[in-house]
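Here is the structure we will look at.
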Amino acid sequence: MEKITPETIAAHNLTPEEFTRIKELLGRDPNLVELGVFSVMWSEHCSYKSSRIHLKRLPTTGARVIVPPGENAGVVDVGDGWCAAFKIESHNHPSFIEPFQGAATGVGGILRDIFTMGARPVAALNSLRFGSLDDPKNGKRNRSLLAGVVAGIAHYGNAFGVPTVGGEVAFDDAYAMNPLVNAFALGLVRNDQIFFGKATGVGNPVLYVGAKTGRDGIHGATMASAEFDEEALEKRPTVQVGDPFLEKLLLEGCLEAMRSGAIAGIQDMGAAGLTCSTCEMAARAGTGIEIDLLLVPQRETGMTAYEMLLSESQERMLIVAHKGREREVADIFRKWDLDAVVIGVVRDDGRMRVNHNGQVVCDV
């Protein structure tokens with residue numbers, strides 16, 4: 001087992017105090033895979049560890065609130081049996097590093113959050129902030145960011161088939177090395193057809209659906225939580241690459257599978273990929289999940305457990321099917337020319353357990 005050094009801990013954006021807490025939780029030293037899991041799950045992007053105190057000040061309840069914070073998207077009752085699902089999310093750091101793909105995958109991720117709830121996306125908006133375009137020092141970079149971000153947003157929404165119906169943009173020197181790229185998506189769903197990201201039903205099969213896993217976006221969540229600086233520009237491999245046409249197929253496949261009644265729970269693989277989707281689905285349901293990485297569809301050879309768990313390859317979903325109906329779900333996605341394979345099972349032990357090459361590589 002690779003030795004965990006202070007340098008390794010720092011490279012994962014964890015503090016010595018956080019590493020001590022990890023050892024307390026596990027009752028032992030973590031291995032490298034487990035360290036990677038904690039690194040992304042405790043990142044600001046996934047855990048909101050520094051902003052949570054401010055977010056708690058916002059109103060989250062009301063007569064029309066159907067799904068409050070904690071799920072993939074919020075849902076409110078708009079009358080006549082219809083609900084609106086919506087969410088806004090930032091993709092600031094990825095867009096700073098690679099403006100086009102950073103912004104495009106921000107739109108892709110927010111659209112997945114909407115149809116994960118069972119809603120069909122109908123509109124997108126955005127709120128953008130850039131440094132001054134005529135700034136002597138950063139003007140050229142700011143103009144490049146503006147052009148790339150706007151093009152990325154337009155590309156993904158247009159190819160997916162959802163219009164960007166509005167937005168706002170402002171320029172100020174304060175945003176010169178700190179652009180803000182906030183994507184918003186809205187969808188509609190019947191109030192009796194809302195789905196949740198919960199791994200319910202001990203013994204139910206866990207399916208991997210959508211695009212194959214590659215090495216793009218590894219540690220994207222950790223990167224998205226880091227400081228903005230010139231060194232960040234060297235981190236382009238941590239920015240995901242999107243395919244809006246494949247996501248359109250994923251949308252239609254998911255909505256059809258939901259209508260079939262074969263799905264118990266569903267979660268998109270966004271930030272932290274397989275790690276976040278398995279942990280969050282099990283945590284919400286109070287269950288556990290066990291998966292085998294050898295069963296995960298891969299588009300690159302020789303991928304390690306660490307790489308597969310932390311990959312943020314886009315257009316992927318994790319589905320918990322009702323036991324005995326996994327073939328039905330797989331057949332639906334196969335019709336849409338998408339991979340859908342059983343990679344694990346829901347357990348009752350409250351743990352996230354990962355097997356690879358016949359060995360347990362993560363047990364937290």
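Ligands are numbered from 1 in the order shown, residues from 1 within each chain, and chains are lettered A, B, ... in the order they appear in the structure tokens.
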Run DSSP on the backbone and grab whatever in segment 77-252 of chain A lands in strand (DSSP E or B); send it over as a VMD selection string. chain A and resid 77 to 79 82 to 90 120 to 130 164 to 171 180 to 190 205 to 210 213
Mind writing the picked residues with N, CA and C atoms as a tab-separated table (two decimals), in the first residue's frame?
```tsv
chain	number	residue	atom	x	y	z
A	77	ASP	N	-44.31	23.52	-6.12
A	77	ASP	CA	-45.63	23.31	-6.71
A	77	ASP	C	-46.04	24.57	-7.46
A	78	VAL	N	-46.39	24.43	-8.75
A	78	VAL	CA	-46.85	25.58	-9.53
A	78	VAL	C	-48.31	25.46	-9.91
A	79	GLY	N	-49.01	24.47	-9.35
A	79	GLY	CA	-50.45	24.35	-9.56
A	79	GLY	C	-50.85	23.35	-10.63
A	82	TRP	N	-48.74	20.26	-11.45
A	82	TRP	CA	-47.41	20.43	-12.03
A	82	TRP	C	-46.44	21.03	-11.01
A	83	CYS	N	-45.18	20.66	-11.15
A	83	CYS	CA	-44.12	21.20	-10.31
A	83	CYS	C	-42.98	21.71	-11.18
A	84	ALA	N	-42.27	22.69	-10.67
A	84	ALA	CA	-41.07	23.19	-11.34
A	84	ALA	C	-39.85	22.72	-10.55
A	85	ALA	N	-38.92	22.08	-11.26
A	85	ALA	CA	-37.64	21.68	-10.66
A	85	ALA	C	-36.58	22.64	-11.16
A	86	PHE	N	-35.76	23.14	-10.26
A	86	PHE	CA	-34.77	24.13	-10.69
A	86	PHE	C	-33.53	24.07	-9.81
A	87	LYS	N	-32.44	24.55	-10.35
A	87	LYS	CA	-31.19	24.59	-9.60
A	87	LYS	C	-30.24	25.56	-10.29
A	88	ILE	N	-29.41	26.21	-9.47
A	88	ILE	CA	-28.34	27.05	-9.99
A	88	ILE	C	-27.03	26.57	-9.38
A	89	GLU	N	-26.00	26.54	-10.18
A	89	GLU	CA	-24.72	26.02	-9.70
A	89	GLU	C	-23.58	26.76	-10.39
A	90	SER	N	-22.50	26.96	-9.68
A	90	SER	CA	-21.35	27.66	-10.25
A	90	SER	C	-20.39	26.68	-10.91
A	120	ARG	N	-38.54	17.24	-17.12
A	120	ARG	CA	-37.98	17.52	-18.44
A	120	ARG	C	-37.50	18.97	-18.47
A	121	PRO	N	-36.20	19.21	-18.71
A	121	PRO	CA	-35.69	20.59	-18.77
A	121	PRO	C	-36.36	21.37	-19.90
A	122	VAL	N	-36.71	22.62	-19.60
A	122	VAL	CA	-37.37	23.46	-20.61
A	122	VAL	C	-36.66	24.79	-20.83
A	123	ALA	N	-35.80	25.20	-19.89
A	123	ALA	CA	-35.14	26.50	-20.04
A	123	ALA	C	-33.85	26.56	-19.24
A	124	ALA	N	-32.93	27.39	-19.72
A	124	ALA	CA	-31.68	27.63	-19.00
A	124	ALA	C	-31.42	29.13	-18.92
A	125	LEU	N	-30.76	29.54	-17.85
A	125	LEU	CA	-30.33	30.92	-17.69
A	125	LEU	C	-28.90	30.94	-17.16
A	126	ASN	N	-28.30	32.12	-17.11
A	126	ASN	CA	-26.95	32.20	-16.56
A	126	ASN	C	-26.70	33.58	-15.96
A	127	SER	N	-25.76	33.63	-15.04
A	127	SER	CA	-25.32	34.87	-14.43
A	127	SER	C	-23.80	34.88	-14.46
A	128	LEU	N	-23.21	35.86	-15.13
A	128	LEU	CA	-21.77	35.86	-15.42
A	128	LEU	C	-21.10	37.14	-14.91
A	129	ARG	N	-19.85	36.97	-14.45
A	129	ARG	CA	-19.05	38.12	-14.03
A	129	ARG	C	-17.63	37.96	-14.57
A	130	PHE	N	-17.13	39.01	-15.21
A	130	PHE	CA	-15.77	38.99	-15.76
A	130	PHE	C	-15.04	40.28	-15.39
A	164	THR	N	-31.51	28.95	-23.91
A	164	THR	CA	-31.09	29.89	-22.86
A	164	THR	C	-32.00	31.11	-23.01
A	165	VAL	N	-32.93	31.27	-22.07
A	165	VAL	CA	-33.99	32.27	-22.23
A	165	VAL	C	-33.63	33.61	-21.60
A	166	GLY	N	-32.51	33.68	-20.88
A	166	GLY	CA	-32.12	34.95	-20.29
A	166	GLY	C	-30.84	34.81	-19.49
A	167	GLY	N	-30.39	35.91	-18.96
A	167	GLY	CA	-29.19	35.89	-18.15
A	167	GLY	C	-28.73	37.30	-17.86
A	168	GLU	N	-27.58	37.40	-17.22
A	168	GLU	CA	-27.02	38.71	-16.92
A	168	GLU	C	-25.50	38.61	-16.95
A	169	VAL	N	-24.86	39.74	-17.23
A	169	VAL	CA	-23.41	39.78	-17.24
A	169	VAL	C	-22.95	41.15	-16.74
A	170	ALA	N	-21.87	41.16	-15.97
A	170	ALA	CA	-21.30	42.41	-15.47
A	170	ALA	C	-19.78	42.32	-15.50
A	171	PHE	N	-19.14	43.47	-15.59
A	171	PHE	CA	-17.68	43.52	-15.69
A	171	PHE	C	-17.12	44.41	-14.59
A	180	LEU	N	-17.02	34.60	-12.46
A	180	LEU	CA	-18.13	33.84	-11.90
A	180	LEU	C	-19.01	33.34	-13.05
A	181	VAL	N	-19.23	32.03	-13.10
A	181	VAL	CA	-20.05	31.42	-14.13
A	181	VAL	C	-21.11	30.58	-13.43
A	182	ASN	N	-22.31	31.12	-13.35
A	182	ASN	CA	-23.42	30.45	-12.68
A	182	ASN	C	-24.45	30.01	-13.72
A	183	ALA	N	-24.74	28.72	-13.72
A	183	ALA	CA	-25.71	28.15	-14.66
A	183	ALA	C	-26.99	27.77	-13.92
A	184	PHE	N	-28.11	28.06	-14.52
A	184	PHE	CA	-29.43	27.76	-13.95
A	184	PHE	C	-30.22	26.96	-14.96
A	185	ALA	N	-30.97	25.98	-14.49
A	185	ALA	CA	-31.85	25.20	-15.37
A	185	ALA	C	-33.19	25.00	-14.69
A	186	LEU	N	-34.24	24.93	-15.50
A	186	LEU	CA	-35.61	24.77	-15.03
A	186	LEU	C	-36.27	23.63	-15.80
A	187	GLY	N	-37.01	22.79	-15.07
A	187	GLY	CA	-37.74	21.71	-15.72
A	187	GLY	C	-39.12	21.56	-15.13
A	188	LEU	N	-39.97	20.82	-15.83
A	188	LEU	CA	-41.34	20.59	-15.37
A	188	LEU	C	-41.57	19.10	-15.12
A	189	VAL	N	-42.33	18.80	-14.06
A	189	VAL	CA	-42.61	17.41	-13.69
A	189	VAL	C	-43.96	17.35	-13.00
A	190	ARG	N	-44.71	16.27	-13.20
A	190	ARG	CA	-45.96	16.06	-12.48
A	190	ARG	C	-45.63	15.78	-11.01
A	205	PRO	N	-30.36	-3.94	-7.28
A	205	PRO	CA	-29.15	-3.77	-8.10
A	205	PRO	C	-28.83	-2.31	-8.37
A	206	VAL	N	-27.53	-2.00	-8.47
A	206	VAL	CA	-27.05	-0.66	-8.78
A	206	VAL	C	-26.51	-0.67	-10.20
A	207	LEU	N	-27.04	0.20	-11.05
A	207	LEU	CA	-26.66	0.23	-12.46
A	207	LEU	C	-25.88	1.49	-12.81
A	208	TYR	N	-24.88	1.32	-13.64
A	208	TYR	CA	-24.12	2.42	-14.25
A	208	TYR	C	-24.71	2.64	-15.63
A	209	VAL	N	-25.06	3.90	-15.93
A	209	VAL	CA	-25.73	4.20	-17.20
A	209	VAL	C	-25.06	5.39	-17.89
A	210	GLY	N	-24.93	5.31	-19.20
A	210	GLY	CA	-24.46	6.46	-19.97
A	210	GLY	C	-23.08	6.28	-20.57
A	213	THR	N	-16.38	5.60	-18.76
A	213	THR	CA	-15.50	6.34	-17.86
A	213	THR	C	-14.11	6.48	-18.45
```
DSSP-assigned helix (DSSP H, G or I) among segment 158-221 of chain A, expressed as JSON, numbers by chain: {"A": [158, 159, 160, 173, 174, 175, 220, 221]}
For Pro99 of chain A, find every residue with an atom within 10 Å (counting only C-alpha atoms), except residues of its own chain fewer than 2 positions away, and show them as a list in words. His91, Asn92, His93, Pro94, Ser95, Phe96, Ile97, Gln101, Gly102, Ala103, Ala104, Ser144, Leu145, Leu146, Ala147, Gly148, Val149, Val150, Ala151, Gly152, Ile153, Pro179, Val181 and Val239 of chain A
Convert the current residue selection to file output with N, CA, C and O atoms, as an mmCIF file, in the first residue's frame.
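Final output, saved to part.cif:
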```cif
data_model
loop_
_atom_site.group_PDB
_atom_site.id
_atom_site.type_symbol
_atom_site.label_atom_id
_atom_site.label_comp_id
_atom_site.auth_asym_id
_atom_site.auth_seq_id
_atom_site.Cartn_x
_atom_site.Cartn_y
_atom_site.Cartn_z
ATOM 1 N N HIS A 91 -19.718 27.149 -11.948
ATOM 2 C CA HIS A 91 -18.621 26.421 -12.578
ATOM 3 C C HIS A 91 -17.491 27.412 -12.825
ATOM 4 O O HIS A 91 -16.923 27.503 -13.920
ATOM 5 N N ASN A 92 -17.155 28.136 -11.757
ATOM 6 C CA ASN A 92 -16.205 29.240 -11.874
ATOM 7 C C ASN A 92 -14.792 28.785 -12.233
ATOM 8 O O ASN A 92 -14.201 29.249 -13.212
ATOM 9 N N HIS A 93 -14.258 27.892 -11.420
ATOM 10 C CA HIS A 93 -12.852 27.516 -11.600
ATOM 11 C C HIS A 93 -12.620 26.735 -12.898
ATOM 12 O O HIS A 93 -11.663 27.014 -13.619
ATOM 13 N N PRO A 94 -13.475 25.741 -13.229
ATOM 14 C CA PRO A 94 -13.286 25.060 -14.524
ATOM 15 C C PRO A 94 -13.328 26.037 -15.700
ATOM 16 O O PRO A 94 -12.585 25.887 -16.672
ATOM 17 N N SER A 95 -14.211 27.050 -15.611
ATOM 18 C CA SER A 95 -14.332 28.022 -16.705
ATOM 19 C C SER A 95 -13.123 28.947 -16.778
ATOM 20 O O SER A 95 -12.758 29.419 -17.848
ATOM 21 N N PHE A 96 -12.489 29.219 -15.645
ATOM 22 C CA PHE A 96 -11.271 30.012 -15.622
ATOM 23 C C PHE A 96 -10.132 29.269 -16.307
ATOM 24 O O PHE A 96 -9.326 29.849 -17.035
ATOM 25 N N ILE A 97 -10.101 27.940 -16.088
ATOM 26 C CA ILE A 97 -9.024 27.123 -16.649
ATOM 27 C C ILE A 97 -9.245 26.853 -18.133
ATOM 28 O O ILE A 97 -8.343 27.005 -18.952
ATOM 29 N N GLN A 101 -15.151 24.450 -22.380
ATOM 30 C CA GLN A 101 -15.605 23.209 -21.760
ATOM 31 C C GLN A 101 -16.047 23.429 -20.316
ATOM 32 O O GLN A 101 -16.975 22.769 -19.835
ATOM 33 N N GLY A 102 -15.388 24.340 -19.607
ATOM 34 C CA GLY A 102 -15.790 24.615 -18.241
ATOM 35 C C GLY A 102 -17.225 25.095 -18.158
ATOM 36 O O GLY A 102 -18.006 24.630 -17.326
ATOM 37 N N ALA A 103 -17.586 26.035 -19.031
ATOM 38 C CA ALA A 103 -18.953 26.551 -19.044
ATOM 39 C C ALA A 103 -19.936 25.534 -19.613
ATOM 40 O O ALA A 103 -21.050 25.361 -19.100
ATOM 41 N N ALA A 104 -19.526 24.844 -20.673
ATOM 42 C CA ALA A 104 -20.413 23.859 -21.311
ATOM 43 C C ALA A 104 -20.793 22.739 -20.347
ATOM 44 O O ALA A 104 -21.968 22.354 -20.239
ATOM 45 N N SER A 144 -10.905 36.696 -23.691
ATOM 46 C CA SER A 144 -10.871 35.269 -24.036
ATOM 47 C C SER A 144 -11.851 34.469 -23.165
ATOM 48 O O SER A 144 -12.552 33.579 -23.654
ATOM 49 N N LEU A 145 -11.891 34.806 -21.874
ATOM 50 C CA LEU A 145 -12.826 34.136 -20.970
ATOM 51 C C LEU A 145 -14.263 34.388 -21.396
ATOM 52 O O LEU A 145 -15.078 33.459 -21.458
ATOM 53 N N LEU A 146 -14.582 35.631 -21.690
ATOM 54 C CA LEU A 146 -15.939 35.987 -22.103
ATOM 55 C C LEU A 146 -16.365 35.209 -23.342
ATOM 56 O O LEU A 146 -17.438 34.596 -23.373
ATOM 57 N N ALA A 147 -15.504 35.225 -24.353
ATOM 58 C CA ALA A 147 -15.843 34.544 -25.612
ATOM 59 C C ALA A 147 -16.015 33.044 -25.404
ATOM 60 O O ALA A 147 -16.964 32.436 -25.910
ATOM 61 N N GLY A 148 -15.104 32.430 -24.655
ATOM 62 C CA GLY A 148 -15.174 30.987 -24.443
ATOM 63 C C GLY A 148 -16.363 30.563 -23.624
ATOM 64 O O GLY A 148 -17.051 29.578 -23.953
ATOM 65 N N VAL A 149 -16.655 31.293 -22.552
ATOM 66 C CA VAL A 149 -17.776 30.941 -21.683
ATOM 67 C C VAL A 149 -19.102 31.070 -22.419
ATOM 68 O O VAL A 149 -19.956 30.174 -22.369
ATOM 69 N N VAL A 150 -19.299 32.185 -23.111
ATOM 70 C CA VAL A 150 -20.555 32.397 -23.842
ATOM 71 C C VAL A 150 -20.732 31.327 -24.918
ATOM 72 O O VAL A 150 -21.829 30.773 -25.100
ATOM 73 N N ALA A 151 -19.658 31.004 -25.625
ATOM 74 C CA ALA A 151 -19.732 29.968 -26.661
ATOM 75 C C ALA A 151 -20.039 28.600 -26.050
ATOM 76 O O ALA A 151 -20.827 27.824 -26.607
ATOM 77 N N GLY A 152 -19.426 28.287 -24.912
ATOM 78 C CA GLY A 152 -19.660 26.999 -24.263
ATOM 79 C C GLY A 152 -21.093 26.837 -23.797
ATOM 80 O O GLY A 152 -21.718 25.783 -23.978
ATOM 81 N N ILE A 153 -21.636 27.891 -23.194
ATOM 82 C CA ILE A 153 -23.031 27.856 -22.738
ATOM 83 C C ILE A 153 -23.967 27.658 -23.917
ATOM 84 O O ILE A 153 -24.882 26.824 -23.876
ATOM 85 N N PRO A 179 -13.444 34.908 -12.400
ATOM 86 C CA PRO A 179 -14.726 35.004 -13.097
ATOM 87 C C PRO A 179 -15.786 34.151 -12.400
ATOM 88 O O PRO A 179 -15.477 33.122 -11.800
ATOM 89 N N VAL A 181 -19.226 32.034 -13.097
ATOM 90 C CA VAL A 181 -20.051 31.417 -14.132
ATOM 91 C C VAL A 181 -21.114 30.581 -13.429
ATOM 92 O O VAL A 181 -20.848 29.483 -12.947
ATOM 93 N N VAL A 239 -10.467 19.480 -16.045
ATOM 94 C CA VAL A 239 -11.726 19.999 -16.575
ATOM 95 C C VAL A 239 -12.381 18.923 -17.441
ATOM 96 O O VAL A 239 -11.749 18.331 -18.312
#
```
Can you tell me, as a compact mmCIF listing (two decimals) with C-alpha atoms, in the first residue's frame, what residues are no more than 10 Å from Gln298 of chain A when counting only C-alpha atoms, ignoring any on the same chain fewer than 5 positions away?
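Once everything was written out, this is around-v9.txt:
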```txt
# COMPACT_ATOMS: atom_id res chain seq x y z
CA ALA A 211 -21.01 7.40 -21.27
CA LYS A 212 -17.96 5.28 -20.57
CA THR A 213 -15.50 6.34 -17.86
CA GLY A 214 -12.23 7.99 -18.86
CA ARG A 215 -9.48 9.92 -17.16
CA LEU A 293 -15.09 -1.42 -10.61
CA MET A 303 -7.44 2.65 -15.29
CA MET A 308 -12.30 5.35 -11.88
```
Using only C-alpha atoms, which protein or nucleic acid residues come within 12 Å of Thr20 of chain A? Drop anything in the same chain fewer than 3 positions from it, and give the result as a ChimeraX atom specification. /A:6,9,14-17,23-30,35,38
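One distance worth recording is that between atom CA of Val354 of chain A and atom CA of Thr287 of chain A, which is 14.8 Å.
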Would you work out the distance separating atom CA of Ala321 of chain A from atom CA of Asn204 of chain A, expressed in Å to one decimal?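 Separation of atom CA of Ala321 of chain A and atom CA of Asn204 of chain A: 6.1 Å.
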Between A:Asp173, A:Glu98, A:Asp348, A:Asp113, which has the minimum distance to Ala73 of chain A (counting only C-alpha atoms)?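 Using only C-alpha atoms, the shortest distance to Ala73 of chain A belongs to A:Asp113.
Among the candidates A:Gly108, A:Gly350, A:Pro69, A:Gly265, the residue lying nearest to Phe245 of chain A is A:Gly108 (atoms considered: only C-alpha atoms).
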Provide the atom CA of Ala10 of chain A to atom CA of Ser39 of chain A distance in Å, to one decimal place.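 Separating atom CA of Ala10 of chain A from atom CA of Ser39 of chain A is a distance of 10.0 Å.
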Closest of A:Lys323, A:Leu249, A:His54, A:Glu71 to Val342 of chain A - atom-to-atom distances counting only C-alpha atoms: A:Lys323
